[in-house]
$ cat work-v1.cif   # mmCIF, C-alpha atoms and all ligand atoms
data_protein
#
loop_
_atom_site.group_PDB
_atom_site.id
_atom_site.type_symbol
_atom_site.label_atom_id
_atom_site.label_comp_id
_atom_site.auth_asym_id
_atom_site.auth_seq_id
_atom_site.Cartn_x
_atom_site.Cartn_y
_atom_site.Cartn_z
ATOM 1 C CA MET L 1 10.050 11.286 -21.094
ATOM 2 C CA SER L 2 6.935 10.539 -23.115
ATOM 3 C CA THR L 3 4.040 9.436 -20.971
ATOM 4 C CA GLU L 4 2.438 7.528 -23.849
ATOM 5 C CA SER L 5 4.980 4.785 -24.484
ATOM 6 C CA TYR L 6 8.368 3.699 -23.242
ATOM 7 C CA ARG L 7 10.602 1.203 -25.027
ATOM 8 C CA PHE L 8 13.038 -1.075 -23.239
ATOM 9 C CA LYS L 9 14.624 -4.488 -23.664
ATOM 10 C CA VAL L 10 14.487 -7.661 -21.627
ATOM 11 C CA GLY L 11 17.294 -9.806 -23.027
ATOM 12 C CA THR L 12 16.547 -10.008 -26.737
ATOM 13 C CA PHE L 13 12.827 -9.183 -26.302
ATOM 14 C CA GLU L 14 11.683 -5.729 -27.434
ATOM 15 C CA CYS L 15 9.277 -4.388 -24.821
ATOM 16 C CA MET L 16 7.124 -1.309 -24.603
ATOM 17 C CA ALA L 17 5.157 0.073 -21.671
ATOM 18 C CA VAL L 18 2.098 1.577 -23.338
ATOM 19 C CA SER L 19 -0.249 4.024 -21.658
ATOM 20 C CA ASP L 20 -3.988 3.626 -22.010
ATOM 21 C CA GLY L 21 -4.448 6.972 -20.278
ATOM 22 C CA THR L 22 -5.253 7.885 -16.685
ATOM 23 C CA HIS L 23 -8.300 7.652 -14.463
ATOM 24 C CA THR L 24 -9.123 9.795 -11.460
ATOM 25 C CA TYR L 25 -10.332 7.904 -8.404
ATOM 26 C CA ALA L 26 -12.252 10.253 -6.137
ATOM 27 C CA PRO L 27 -15.575 10.575 -4.313
ATOM 28 C CA PRO L 28 -18.454 10.139 -4.899
ATOM 29 C CA THR L 29 -17.710 7.083 -7.101
ATOM 30 C CA PHE L 30 -14.786 5.941 -4.963
ATOM 31 C CA PRO L 31 -13.808 6.558 -1.342
ATOM 32 C CA PRO L 32 -11.045 9.161 -0.720
ATOM 33 C CA PRO L 33 -7.672 7.738 -1.922
ATOM 34 C CA ALA L 34 -6.200 6.910 1.485
ATOM 35 C CA THR L 35 -9.311 4.925 2.471
ATOM 36 C CA PHE L 36 -9.628 3.376 -0.973
ATOM 37 C CA LEU L 37 -6.004 2.200 -1.251
ATOM 38 C CA PHE L 38 -5.158 1.479 2.382
ATOM 39 C CA ALA L 39 -8.481 0.369 3.820
ATOM 40 C CA ASN L 40 -7.126 -1.246 6.994
ATOM 41 C CA ALA L 41 -4.120 0.989 7.701
ATOM 42 C CA PRO L 42 -3.859 2.366 11.252
ATOM 43 C CA LYS L 43 -4.569 6.121 11.013
ATOM 44 C CA GLU L 44 -1.389 7.510 12.573
ATOM 45 C CA HIS L 45 0.961 5.150 10.822
ATOM 46 C CA LEU L 46 -0.806 5.848 7.541
ATOM 47 C CA GLU L 47 -0.601 9.624 7.900
ATOM 48 C CA GLN L 48 3.082 9.449 8.759
ATOM 49 C CA THR L 49 3.740 7.174 5.762
ATOM 50 C CA LEU L 50 1.797 9.430 3.405
ATOM 51 C CA ARG L 51 3.859 12.434 4.511
ATOM 52 C CA GLU L 52 7.050 10.471 3.844
ATOM 53 C CA HIS L 53 5.720 10.117 0.298
ATOM 54 C CA ASN L 54 4.972 13.847 0.022
ATOM 55 C CA LEU L 55 1.228 13.315 0.289
ATOM 56 C CA GLN L 56 -0.659 15.519 2.717
ATOM 57 C CA PRO L 57 -3.316 13.286 4.307
ATOM 58 C CA GLU L 58 -6.078 15.959 4.433
ATOM 59 C CA GLN L 59 -5.353 17.301 0.971
ATOM 60 C CA TRP L 60 -5.104 14.005 -0.864
ATOM 61 C CA THR L 61 -8.597 14.031 -2.341
ATOM 62 C CA GLU L 62 -8.060 12.257 -5.652
ATOM 63 C CA TRP L 63 -5.812 9.517 -6.945
ATOM 64 C CA ILE L 64 -4.901 10.005 -10.595
ATOM 65 C CA SER L 65 -3.815 6.572 -11.705
ATOM 66 C CA PRO L 66 -2.028 5.704 -14.927
ATOM 67 C CA TYR L 67 -3.137 2.581 -16.790
ATOM 68 C CA ILE L 68 -0.033 0.896 -18.220
ATOM 69 C CA CYS L 69 -0.253 -2.034 -20.623
ATOM 70 C CA LEU L 70 2.755 -4.025 -21.786
ATOM 71 C CA MET L 71 3.730 -5.013 -25.302
ATOM 72 C CA VAL L 72 6.397 -7.680 -25.838
ATOM 73 C CA ASN L 73 7.877 -8.643 -29.177
ATOM 74 C CA THR L 74 9.770 -11.902 -28.594
ATOM 75 C CA GLY L 75 10.921 -12.047 -32.210
ATOM 76 C CA LYS L 76 8.371 -14.755 -32.874
ATOM 77 C CA HIS L 77 5.332 -13.549 -30.972
ATOM 78 C CA GLN L 78 3.671 -10.209 -30.350
ATOM 79 C CA VAL L 79 2.202 -10.338 -26.872
ATOM 80 C CA LEU L 80 0.039 -7.721 -25.187
ATOM 81 C CA VAL L 81 -0.601 -7.768 -21.454
ATOM 82 C CA ASP L 82 -3.978 -6.172 -20.586
ATOM 83 C CA THR L 83 -6.117 -4.031 -22.863
ATOM 84 C CA GLY L 84 -6.777 -0.938 -20.721
ATOM 85 C CA ALA L 85 -10.119 0.634 -19.920
ATOM 86 C CA GLY L 86 -11.513 1.428 -23.362
ATOM 87 C CA GLY L 87 -13.993 4.271 -23.133
ATOM 88 C CA LEU L 88 -14.392 4.150 -19.343
ATOM 89 C CA ASP L 89 -13.738 7.886 -19.297
ATOM 90 C CA PRO L 90 -12.493 10.498 -21.803
ATOM 91 C CA ASN L 91 -8.923 10.080 -20.536
ATOM 92 C CA THR L 92 -8.709 6.338 -21.188
ATOM 93 C CA GLY L 93 -8.873 4.146 -24.272
ATOM 94 C CA LYS L 94 -5.611 5.392 -25.771
ATOM 95 C CA LEU L 95 -3.984 1.966 -26.087
ATOM 96 C CA LEU L 96 -4.736 1.318 -29.773
ATOM 97 C CA GLN L 97 -3.594 4.785 -30.798
ATOM 98 C CA ASN L 98 -0.369 4.485 -28.777
ATOM 99 C CA LEU L 99 0.316 1.028 -30.214
ATOM 100 C CA GLN L 100 -0.201 2.436 -33.698
ATOM 101 C CA VAL L 101 2.327 5.211 -33.017
ATOM 102 C CA GLY L 102 4.710 2.459 -31.916
ATOM 103 C CA GLY L 103 4.215 0.703 -35.251
ATOM 104 C CA ILE L 104 1.909 -2.046 -33.991
ATOM 105 C CA ALA L 105 -1.441 -2.739 -35.641
ATOM 106 C CA PRO L 106 -4.149 -4.635 -33.723
ATOM 107 C CA GLY L 107 -3.938 -7.520 -36.211
ATOM 108 C CA ASP L 108 -0.209 -7.993 -35.495
ATOM 109 C CA ILE L 109 -0.872 -9.138 -31.944
ATOM 110 C CA ASP L 110 -1.120 -12.931 -31.610
ATOM 111 C CA THR L 111 -1.463 -13.210 -27.839
ATOM 112 C CA VAL L 112 -3.325 -11.099 -25.291
ATOM 113 C CA ILE L 113 -2.798 -11.963 -21.638
ATOM 114 C CA LEU L 114 -5.500 -10.596 -19.311
ATOM 115 C CA THR L 115 -4.126 -10.414 -15.772
ATOM 116 C CA HIS L 116 -7.638 -10.126 -14.361
ATOM 117 C CA GLY L 117 -11.194 -9.064 -15.176
ATOM 118 C CA HIS L 118 -11.385 -5.512 -13.795
ATOM 119 C CA PRO L 119 -12.656 -2.784 -16.173
ATOM 120 C CA ASP L 120 -9.244 -1.093 -16.508
ATOM 121 C CA HIS L 121 -7.649 -4.347 -17.722
ATOM 122 C CA ILE L 122 -10.298 -5.763 -20.076
ATOM 123 C CA GLY L 123 -12.050 -2.572 -21.228
ATOM 124 C CA GLY L 124 -10.134 -2.526 -24.509
ATOM 125 C CA ASN L 125 -10.987 -6.113 -25.490
ATOM 126 C CA VAL L 126 -13.593 -4.968 -27.961
ATOM 127 C CA VAL L 127 -14.010 -2.066 -30.342
ATOM 128 C CA SER L 128 -17.210 -0.051 -30.407
ATOM 129 C CA GLU L 129 -19.141 -2.483 -32.624
ATOM 130 C CA GLY L 130 -18.584 -5.227 -30.048
ATOM 131 C CA LYS L 131 -15.959 -7.004 -32.170
ATOM 132 C CA PRO L 132 -12.669 -8.186 -30.622
ATOM 133 C CA ALA L 133 -10.113 -5.393 -30.876
ATOM 134 C CA PHE L 134 -7.368 -7.945 -31.567
ATOM 135 C CA PRO L 135 -8.868 -10.255 -34.205
ATOM 136 C CA ASN L 136 -5.865 -12.590 -34.554
ATOM 137 C CA ALA L 137 -5.027 -13.040 -30.904
ATOM 138 C CA ARG L 138 -5.744 -15.794 -28.465
ATOM 139 C CA PHE L 139 -6.863 -14.306 -25.164
ATOM 140 C CA VAL L 140 -5.304 -15.935 -22.108
ATOM 141 C CA ILE L 141 -7.029 -15.613 -18.728
ATOM 142 C CA TRP L 142 -7.082 -17.711 -15.559
ATOM 143 C CA LYS L 143 -10.080 -20.076 -15.606
ATOM 144 C CA GLU L 144 -11.301 -19.146 -12.127
ATOM 145 C CA GLU L 145 -11.160 -15.484 -13.118
ATOM 146 C CA TRP L 146 -13.232 -16.029 -16.244
ATOM 147 C CA ASP L 147 -15.802 -18.108 -14.345
ATOM 148 C CA PHE L 148 -16.065 -15.421 -11.684
ATOM 149 C CA TRP L 149 -16.678 -12.516 -14.066
ATOM 150 C CA ILE L 150 -19.235 -14.302 -16.173
ATOM 151 C CA SER L 151 -21.183 -15.128 -12.994
ATOM 152 C CA ASP L 152 -23.626 -12.692 -11.351
ATOM 153 C CA LEU L 153 -20.862 -11.584 -8.946
ATOM 154 C CA ALA L 154 -22.930 -12.586 -5.944
ATOM 155 C CA GLU L 155 -19.737 -13.126 -3.908
ATOM 156 C CA LEU L 156 -18.484 -9.643 -4.592
ATOM 157 C CA LYS L 157 -18.867 -7.351 -1.599
ATOM 158 C CA VAL L 158 -18.657 -3.836 -3.012
ATOM 159 C CA GLU L 159 -21.123 -0.984 -3.247
ATOM 160 C CA GLU L 160 -23.975 -1.496 -5.676
ATOM 161 C CA HIS L 161 -22.909 1.202 -8.182
ATOM 162 C CA LEU L 162 -19.399 -0.281 -8.386
ATOM 163 C CA LYS L 163 -20.772 -3.772 -8.844
ATOM 164 C CA GLU L 164 -22.944 -2.453 -11.659
ATOM 165 C CA LEU L 165 -19.889 -0.932 -13.382
ATOM 166 C CA LEU L 166 -17.926 -4.173 -13.002
ATOM 167 C CA LEU L 167 -20.783 -6.304 -14.318
ATOM 168 C CA THR L 168 -21.490 -4.026 -17.275
ATOM 169 C CA THR L 169 -17.836 -3.961 -18.320
ATOM 170 C CA ALA L 170 -17.456 -7.729 -17.988
ATOM 171 C CA ARG L 171 -20.601 -8.386 -20.027
ATOM 172 C CA LYS L 172 -19.448 -6.040 -22.760
ATOM 173 C CA ASN L 173 -15.833 -7.231 -22.969
ATOM 174 C CA LEU L 174 -15.763 -10.943 -22.155
ATOM 175 C CA PRO L 175 -18.410 -12.779 -24.232
ATOM 176 C CA PRO L 176 -17.104 -11.342 -27.566
ATOM 177 C CA ILE L 177 -13.663 -12.969 -27.033
ATOM 178 C CA GLN L 178 -15.114 -16.392 -26.217
ATOM 179 C CA GLY L 179 -14.109 -17.782 -29.637
ATOM 180 C CA GLN L 180 -10.467 -16.781 -29.058
ATOM 181 C CA LEU L 181 -10.259 -17.817 -25.443
ATOM 182 C CA ASP L 182 -7.477 -19.859 -23.844
ATOM 183 C CA LEU L 183 -8.248 -20.552 -20.186
ATOM 184 C CA VAL L 184 -5.346 -21.572 -17.951
ATOM 185 C CA ASP L 185 -5.691 -23.272 -14.575
ATOM 186 C CA HIS L 186 -2.035 -23.745 -13.670
ATOM 187 C CA GLU L 187 1.203 -21.810 -14.000
ATOM 188 C CA THR L 188 2.439 -22.322 -17.519
ATOM 189 C CA GLU L 189 4.462 -20.909 -20.390
ATOM 190 C CA ILE L 190 2.195 -19.021 -22.789
ATOM 191 C CA VAL L 191 4.814 -18.475 -25.503
ATOM 192 C CA PRO L 192 8.540 -19.239 -25.174
ATOM 193 C CA GLY L 193 9.943 -16.854 -22.535
ATOM 194 C CA ILE L 194 6.584 -15.685 -21.167
ATOM 195 C CA ARG L 195 4.978 -17.447 -18.200
ATOM 196 C CA VAL L 196 1.884 -16.717 -16.159
ATOM 197 C CA VAL L 197 1.993 -17.256 -12.404
ATOM 198 C CA ALA L 198 -0.897 -17.354 -9.948
ATOM 199 C CA ALA L 199 -1.219 -14.117 -7.977
ATOM 200 C CA PRO L 200 -4.720 -14.315 -6.462
ATOM 201 C CA GLY L 201 -6.292 -11.943 -3.951
ATOM 202 C CA HIS L 202 -6.967 -8.689 -5.779
ATOM 203 C CA THR L 203 -9.433 -10.843 -7.726
ATOM 204 C CA PRO L 204 -10.025 -14.622 -7.480
ATOM 205 C CA GLY L 205 -7.877 -15.543 -10.489
ATOM 206 C CA HIS L 206 -5.524 -12.593 -10.740
ATOM 207 C CA MET L 207 -2.200 -13.533 -12.322
ATOM 208 C CA ALA L 208 1.265 -12.085 -12.771
ATOM 209 C CA VAL L 209 3.435 -12.492 -15.851
ATOM 210 C CA VAL L 210 7.127 -13.372 -15.944
ATOM 211 C CA ILE L 211 9.027 -12.337 -19.064
ATOM 212 C CA ALA L 212 12.503 -13.884 -19.325
ATOM 213 C CA SER L 213 15.094 -13.667 -22.073
ATOM 214 C CA ASP L 214 18.832 -14.087 -22.182
ATOM 215 C CA GLY L 215 19.310 -14.047 -18.407
ATOM 216 C CA GLU L 216 17.143 -10.952 -17.863
ATOM 217 C CA GLN L 217 13.725 -10.864 -16.241
ATOM 218 C CA LEU L 218 10.683 -8.643 -16.104
ATOM 219 C CA LEU L 219 8.003 -9.343 -13.537
ATOM 220 C CA CYS L 220 4.666 -7.852 -14.456
ATOM 221 C CA ILE L 221 2.783 -7.703 -11.150
ATOM 222 C CA SER L 222 -0.319 -5.927 -12.457
ATOM 223 C CA ASP L 223 -2.639 -5.108 -9.517
ATOM 224 C CA ALA L 224 -1.028 -7.276 -6.842
ATOM 225 C CA VAL L 225 0.316 -3.876 -5.789
ATOM 226 C CA LEU L 226 -1.639 -0.697 -6.585
ATOM 227 C CA HIS L 227 0.551 2.011 -5.048
ATOM 228 C CA PRO L 228 4.281 2.212 -4.198
ATOM 229 C CA ILE L 229 3.308 2.383 -0.498
ATOM 230 C CA HIS L 230 1.996 -1.182 -0.798
ATOM 231 C CA VAL L 231 5.587 -2.313 -1.434
ATOM 232 C CA GLU L 232 6.535 -1.022 2.030
ATOM 233 C CA GLN L 233 3.274 -2.022 3.703
ATOM 234 C CA PRO L 234 2.120 -5.223 1.966
ATOM 235 C CA GLU L 235 -0.512 -5.857 4.641
ATOM 236 C CA TRP L 236 -2.425 -2.653 3.818
ATOM 237 C CA TYR L 237 -5.048 -3.798 1.374
ATOM 238 C CA ALA L 238 -7.310 -1.771 -0.902
ATOM 239 C CA ALA L 239 -11.084 -1.510 -0.709
ATOM 240 C CA VAL L 240 -11.269 -3.248 -4.106
ATOM 241 C CA ASP L 241 -9.096 -6.208 -3.057
ATOM 242 C CA PHE L 242 -11.372 -9.251 -3.190
ATOM 243 C CA ALA L 243 -9.542 -11.402 -0.622
ATOM 244 C CA PRO L 244 -7.386 -9.164 1.611
ATOM 245 C CA GLN L 245 -5.460 -11.915 3.394
ATOM 246 C CA GLN L 246 -4.573 -13.555 0.114
ATOM 247 C CA VAL L 247 -3.452 -10.200 -1.306
ATOM 248 C CA THR L 248 -0.881 -9.857 1.466
ATOM 249 C CA ILE L 249 0.471 -13.364 0.883
ATOM 250 C CA THR L 250 0.644 -12.853 -2.883
ATOM 251 C CA ARG L 251 2.349 -9.479 -2.506
ATOM 252 C CA ARG L 252 5.017 -10.770 -0.177
ATOM 253 C CA ARG L 253 5.752 -13.680 -2.484
ATOM 254 C CA LEU L 254 6.022 -11.538 -5.628
ATOM 255 C CA LEU L 255 7.919 -8.672 -4.007
ATOM 256 C CA ASN L 256 10.406 -10.980 -2.283
ATOM 257 C CA LYS L 257 10.951 -12.782 -5.578
ATOM 258 C CA ALA L 258 11.521 -9.468 -7.374
ATOM 259 C CA ALA L 259 13.984 -8.295 -4.718
ATOM 260 C CA ALA L 260 15.876 -11.609 -4.534
ATOM 261 C CA GLU L 261 16.158 -12.000 -8.292
ATOM 262 C CA LYS L 262 16.771 -8.265 -8.910
ATOM 263 C CA ALA L 263 14.052 -8.456 -11.536
ATOM 264 C CA LEU L 264 12.757 -5.420 -13.331
ATOM 265 C CA VAL L 265 9.132 -4.919 -12.240
ATOM 266 C CA LEU L 266 6.177 -3.415 -14.068
ATOM 267 C CA ALA L 267 3.223 -2.219 -11.978
ATOM 268 C CA PHE L 268 0.083 -1.262 -13.916
ATOM 269 C CA HIS L 269 -1.017 1.641 -11.674
ATOM 270 C CA PHE L 270 2.345 3.186 -10.743
ATOM 271 C CA PRO L 271 3.594 6.509 -12.143
ATOM 272 C CA PHE L 272 4.425 6.022 -15.849
ATOM 273 C CA PRO L 273 6.205 3.974 -17.135
ATOM 274 C CA GLY L 274 5.515 1.852 -14.040
ATOM 275 C CA LEU L 275 8.956 0.243 -14.144
ATOM 276 C CA GLY L 276 11.363 -0.174 -11.261
ATOM 277 C CA HIS L 277 13.034 -2.488 -8.795
ATOM 278 C CA VAL L 278 12.082 -3.732 -5.367
ATOM 279 C CA ILE L 279 14.949 -3.247 -2.970
ATOM 280 C CA GLN L 280 15.505 -4.337 0.608
ATOM 281 C CA LYS L 281 16.148 -1.362 2.892
ATOM 282 C CA GLY L 282 16.616 -2.519 6.459
ATOM 283 C CA GLU L 283 13.529 -4.459 7.465
ATOM 284 C CA GLN L 284 11.411 -3.024 4.685
ATOM 285 C CA LEU L 285 11.059 -3.401 0.965
ATOM 286 C CA LYS L 286 11.031 -0.179 -1.052
ATOM 287 C CA TRP L 287 10.102 0.767 -4.592
ATOM 288 C CA GLN L 288 12.888 2.233 -6.686
ATOM 289 C CA PRO L 289 11.553 3.573 -9.988
ATOM 290 C CA ILE L 290 13.912 3.411 -12.976
HETATM 291 ZN ZN ZN L 301 -6.237 -2.128 -12.211
#
$ encode --input "work-v1.cif" --output "structure tokens"
Amino acid sequence: MSTESYRFKVGTFECMAVSDGTHTYAPPTFPPPATFLFANAPKEHLEQTLREHNLQPEQWTEWISPYICLMVNTGKHQVLVDTGAGGLDPNTGKLLQNLQVGGIAPGDIDTVILTHGHPDHIGGNVVSEGKPAFPNARFVIWKEEWDFWISDLAELKVEEHLKELLLTTARKNLPPIQGQLDLVDHETEIVPGIRVVAAPGHTPGHMAVVIASDGEQLLCISDAVLHPIHVEQPEWYAAVDFAPQQVTITRRRLLNKAAAEKALVLAFHFPFPGLGHVIQKGEQLKWQPI
């Protein structure tokens, strides 16, 4: 399977999971993966769970995460969900090239939905000259999210160097799209068949996207869940989760919905193409990749 793009259908909608590349999360920039992803997990339970997932706790020193954007052609609209990380590192910023290979030019896209304002989701908003990368698109983002990232981030409790990275990326990638901006403050249909739903916690105005056509459904959960282990242990939050308690509530709601409705799920940071189902196994939910 190609790790650059993956085509599939949701009803009559033509969809494509598109890689923007991968990023390696490791010290010194980030804490070791287990601490970074499962900040509050009890040590023994965590180590046992990691082993069940073929991860050796002492040897898991870096988390190589895919960045997976979504392209949906509804027949009438060309919708992109998230723009990747741009030039965050040499292994990211491949979205435009991979779209091109898939026959999609930046000017074809009429709607860009930004699930939240983290660097790996907005970093491809602009091209190097500071111009919007998608000149004909309206950019949809939750109002509270926009307001948060154009503030000085005083409420954000992360290490100074991370805050600096977040601020720099927001200042580079948000003001240039101001003229194309469509802020939403309630759950609503963006184009026929594509709805945004509130999924706060990872960031203040994080949202999920529901794509529905002809009786089929895709639930794009973005960063409500960062790692397949979060599906089993929704109360284990990540060091970058803004409001941990809210993350747990949001996760349970989205994952239970996905399981009950047997929806196909797309998770931005999961192994490519990030698609699978959430299934009930005994008391627990589990991730079943396609
Ligand atoms: Zn992310």
$ resolve_selection --input "work-v1.cif" --expression "the PyMOL selection byres (((not hetatm)) within 8 of (chain L and resi 301))" --output "count of residues only"
10
$ closest_residue --input "work-v1.cif" --among "L:His227, L:Arg252, L:His277, L:Arg51" --to "Ile64 (chain L)" --atoms "all atoms listed in the file"
L:His227
$ resolve_selection --input "work-v1.cif" --expression "the PyMOL selection byres (((chain L and resi 124) around 6) and not hetatm)" --output "list in words"
Thr83, Gly84, Ala85, Gly86, Ile122, Gly123, Asn125 and Val126 of chain L
$ atom_distance --input "work-v1.cif" --atom1 "CA of Leu46 (chain L)" --atom2 "CA of Val240 (chain L)"
18.1 Å
$ residues_around --input "work-v1.cif" --residues "Pro27 (chain L)" --least-positions-apart "6" --cutoff "9 Å" --atoms "all atoms listed in the file" --output "PyMOL selection string"
chain L and resi 33+61-62
$ axis_aligned_box --input "work-v1.cif" --around "region 167-183 of chain L" --padding-each-side "3 Å" --output "AutoDock Vina command-line options"
--center_x -14.5 --center_y -12.3 --center_z -22.0 --size_x 20.0 --size_y 22.6 --size_z 21.3
$ resolve_selection --input "work-v1.cif" --expression "the PyMOL selection byres (((chain L and resi 249) around 10) and not hetatm)" --output "list in words"
Ala199, Pro200, Gly201, Ala224, Pro234, Glu235, Pro244, Gln245, Gln246, Val247, Thr248, Thr250, Arg251, Arg252, Arg253 and Leu254 of chain L
